[in-house]
Every structure is written in structure tokens, then in C-alpha cells.
Amino acid sequence: MKRFVKLVLLVVLMAGGTAAMGQQLKFGYINSQELITLMPERDSAQAKMEKFVQEIQDQVEALQVELNNKFQKYQKEASTYTPTINEQKQKELQDLSNRLQEYQQAGENDARTMNMELMTPIFNKANEAINKVAAANGFTAIFDTTAGALLYYDPNVMVDILPMVKAELGITK
């Protein structure tokens with residue numbers, strides 16, 4: 001009886017292995033960063049981002065000029081101030097310097113946040129197109145070569161799906 005169970009189990013395993021081998025696995029790859037750079041939405045997002053960053057830089061420069069002017073004035077007139085006024089002027093300069101640093105940090109945070117807000121829909125659209133192309137063409141897996149994690153691939157086995165995804169998105173570049 002034990003021998004019969006082993007024989008049935010062996011036949012089942014062999015049949016299952018043959019069925020699995022009969023399935024054709026299809027793999028693809030894409031450089032998602034290249035895809036993102038080709039998307040027209042990225043250009044408009046980048047233009048918005050550059051404008052936003054320029055506005056922050058202009059305001060930081062204006063604060064820096066104000067701080068420099070006040071500091072130069074303080075240096076010229078410091079010898080004429082009483083100790084109380086001198087202390088007050090130093091505190092004003094320190095407050096302005098602190099305000100400048102806080103504004104720079106807030107600007108950097110705002111720029112990161114805005115970049116995420118602008119780029120997330122673009123990344124999502126690219127991922128949706130990749131998923132749609134993969135499903136429509138029967139791919140088992142798609143690898144992203146952007147990070148360089150795919151060290152080797154056989155072009156006879158793996159397919160570059162970038163042209164298909166570009167067509168899905170209507171990109172002609």
C-alpha cells in the first residue's frame with residue numbers, strides 16, 4: 001500500500017512538473033526613468049517646479065541682501081551705539097539671520113513636497129501603463145533597469161517594453 005501511494009505521488013508530481021514546464025514564462029524590462037523623461041507631463045511639472053524654486057531663491061536672496069545691508073550698517077555705526085542699543089541691534093541681526101535660515105529650510109521642505117505632488121501622478125500614470133502593457137501582452141514579470149539591479153538578461157528571453165508603453169501613452173519621441 002505504501003508503495004502504491006509513493007507511485008501515485010510520483011506520477012502526480014511528474015504530471016504537475018510537466019504542466020508547469022509547458023507554460024511559457026514571458027519576462028520584460030523597462031527603464032522607467034527614461035519613460036518618465038519622455039512623458040510630456042514631466043516637462044510641465046518640471047517647469048512649474050523650476051518657477052517655484054526660483055521664487056523661493058529670489059526671496060532668500062532678498063532676505064540675504066537685507067541681512068548684509070543691516071550688518072554693514074551695524075559695523076559702521078556700532079562704535080556710536082550705547083551698550084543697550086548695541087545689544088538690541090545684535091539681537092535684530094541674529095533674529096533676521098534665524099528668519100533667513102528658517103525660510104531656507106521651509107523652502108526646501110516646500111520644494112520637496114511640491115515635487116512629490118507634481119511627480120506622483122506622473123509615476124502613477126507610467127506604472128498603470130506598464131501594468132496594462134504587461135497584462136495585455138502576457139508578461140510574467142517586468143523588471144525595472146533604472147536602478148541597475150538587472151545585471152544580465154538574455155534579449156532573446158526578455159523583451160524591452162518601453163516602445164509598447166510609449167505607444168500606450170501616445171508618446172512619439
# chains A, B, ... in the order shown; residues from 1 in each chain; ligands from 1
>>> residues_around(residues="Lys73 in chain A", least_positions_apart="6", cutoff="12 Å", atoms="only C-alpha atoms", output="ChimeraX atom specification")
/A:66-67,79-81,89-90,93
>>> write_last_selection(atoms="C-alpha atoms", output="PDB file, in the first residue's frame")
ATOM      1  CA  GLU A  66      18.631  92.810   3.771  1.00  0.00           C
ATOM      2  CA  LEU A  67      20.770  90.976   6.337  1.00  0.00           C
ATOM      3  CA  SER A  79      31.014 102.378  17.876  1.00  0.00           C
ATOM      4  CA  THR A  80      28.381 105.118  18.222  1.00  0.00           C
ATOM      5  CA  TYR A  81      25.779 102.896  19.933  1.00  0.00           C
ATOM      6  CA  LYS A  89      20.987  95.748  17.076  1.00  0.00           C
ATOM      7  CA  GLN A  90      22.865  92.467  17.531  1.00  0.00           C
ATOM      8  CA  LEU A  93      20.690  90.841  13.213  1.00  0.00           C
TER       9      LEU A  93
END
>>> select_by_dssp(residues="range 16-171 of chain A", states="strand (DSSP E or B)", output="ChimeraX atom specification")
/A:27-30,141-144,158-160
>>> write_last_selection(atoms="N, CA and C atoms", output="PDB file, in the first residue's frame")
ATOM      1  N   PHE A  27       9.178  37.393 -19.813  1.00  0.00           N
ATOM      2  CA  PHE A  27       9.750  38.440 -18.988  1.00  0.00           C
ATOM      3  C   PHE A  27      10.040  39.674 -19.828  1.00  0.00           C
ATOM      4  N   GLY A  28       9.897  40.829 -19.201  1.00  0.00           N
ATOM      5  CA  GLY A  28      10.194  42.080 -19.875  1.00  0.00           C
ATOM      6  C   GLY A  28      10.986  42.998 -18.970  1.00  0.00           C
ATOM      7  N   TYR A  29      11.506  44.040 -19.555  1.00  0.00           N
ATOM      8  CA  TYR A  29      12.227  45.043 -18.774  1.00  0.00           C
ATOM      9  C   TYR A  29      11.928  46.415 -19.343  1.00  0.00           C
ATOM     10  N   ILE A  30      12.130  47.417 -18.504  1.00  0.00           N
ATOM     11  CA  ILE A  30      11.922  48.802 -18.920  1.00  0.00           C
ATOM     12  C   ILE A  30      12.802  49.700 -18.063  1.00  0.00           C
ATOM     13  N   ALA A 141       6.594  38.829 -15.609  1.00  0.00           N
ATOM     14  CA  ALA A 141       7.240  39.823 -14.753  1.00  0.00           C
ATOM     15  C   ALA A 141       7.900  40.885 -15.623  1.00  0.00           C
ATOM     16  N   ILE A 142       7.930  42.103 -15.090  1.00  0.00           N
ATOM     17  CA  ILE A 142       8.615  43.221 -15.732  1.00  0.00           C
ATOM     18  C   ILE A 142       9.667  43.721 -14.746  1.00  0.00           C
ATOM     19  N   PHE A 143      10.886  43.857 -15.203  1.00  0.00           N
ATOM     20  CA  PHE A 143      11.975  44.348 -14.367  1.00  0.00           C
ATOM     21  C   PHE A 143      12.300  45.787 -14.756  1.00  0.00           C
ATOM     22  N   ASP A 144      12.609  46.601 -13.748  1.00  0.00           N
ATOM     23  CA  ASP A 144      12.972  47.996 -13.986  1.00  0.00           C
ATOM     24  C   ASP A 144      14.494  48.100 -13.970  1.00  0.00           C
ATOM     25  N   MET A 158      14.038  38.091 -22.746  1.00  0.00           N
ATOM     26  CA  MET A 158      13.399  39.266 -22.149  1.00  0.00           C
ATOM     27  C   MET A 158      13.128  40.307 -23.222  1.00  0.00           C
ATOM     28  N   VAL A 159      12.033  41.016 -23.052  1.00  0.00           N
ATOM     29  CA  VAL A 159      11.581  41.988 -24.036  1.00  0.00           C
ATOM     30  C   VAL A 159      11.611  43.385 -23.424  1.00  0.00           C
ATOM     31  N   ASP A 160      12.176  44.341 -24.164  1.00  0.00           N
ATOM     32  CA  ASP A 160      12.127  45.747 -23.748  1.00  0.00           C
ATOM     33  C   ASP A 160      10.728  46.256 -24.075  1.00  0.00           C
TER      34      ASP A 160
END
>>> closest_residue(among="A:Arg112, A:Lys132, A:Lys125, A:Lys70", to="Ile36 in chain A", atoms="only C-alpha atoms")
A:Lys125
>>> closest_atom_pairs(of="range 98-134 of chain A", to="range 48-63 of chain A", cutoff="7 Å", atoms="only C-alpha atoms", output="CSV")
residue,atom,partner,partner_atom,distance
A:Leu100,CA,A:Leu63,CA,6.2
A:Gln104,CA,A:Val60,CA,6.7
A:Gly107,CA,A:Ile56,CA,6.1
A:Ala111,CA,A:Val53,CA,6.6
A:Asn115,CA,A:Met49,CA,6.6
>>> write_last_selection(atoms="C-alpha atoms", output="PDB file, in the first residue's frame")
ATOM      1  CA  LEU A 100      16.608  83.573   6.826  1.00  0.00           C
ATOM      2  CA  GLN A 104      15.519  78.413   3.576  1.00  0.00           C
ATOM      3  CA  GLY A 107      11.536  76.491   1.191  1.00  0.00           C
ATOM      4  CA  ALA A 111      10.020  72.275  -2.768  1.00  0.00           C
ATOM      5  CA  ASN A 115       7.920  67.904  -6.329  1.00  0.00           C
TER       6      ASN A 115
END
>>> atom_distance(atom1="CA of Glu108 in chain A", atom2="CA of Asn127 in chain A")
27.4 Å
>>> atom_distance(atom1="CA of Ala126 in chain A", atom2="CA of Ile161 in chain A")
12.1 Å
>>> residues_around(residues="Lys173 in chain A", least_positions_apart="4", cutoff="12 Å", atoms="only C-alpha atoms", output="number ranges by chain")
A: 34-35, 37-40, 162-163, 166-167, 169
>>> atom_distance(atom1="CA of Ala129 in chain A", atom2="CA of Glu168 in chain A")
6.4 Å
>>> closest_residue(among="A:Ser32, A:Gln24, A:Thr84, A:Glu41", to="Ala147 in chain A", atoms="only C-alpha atoms")
A:Ser32
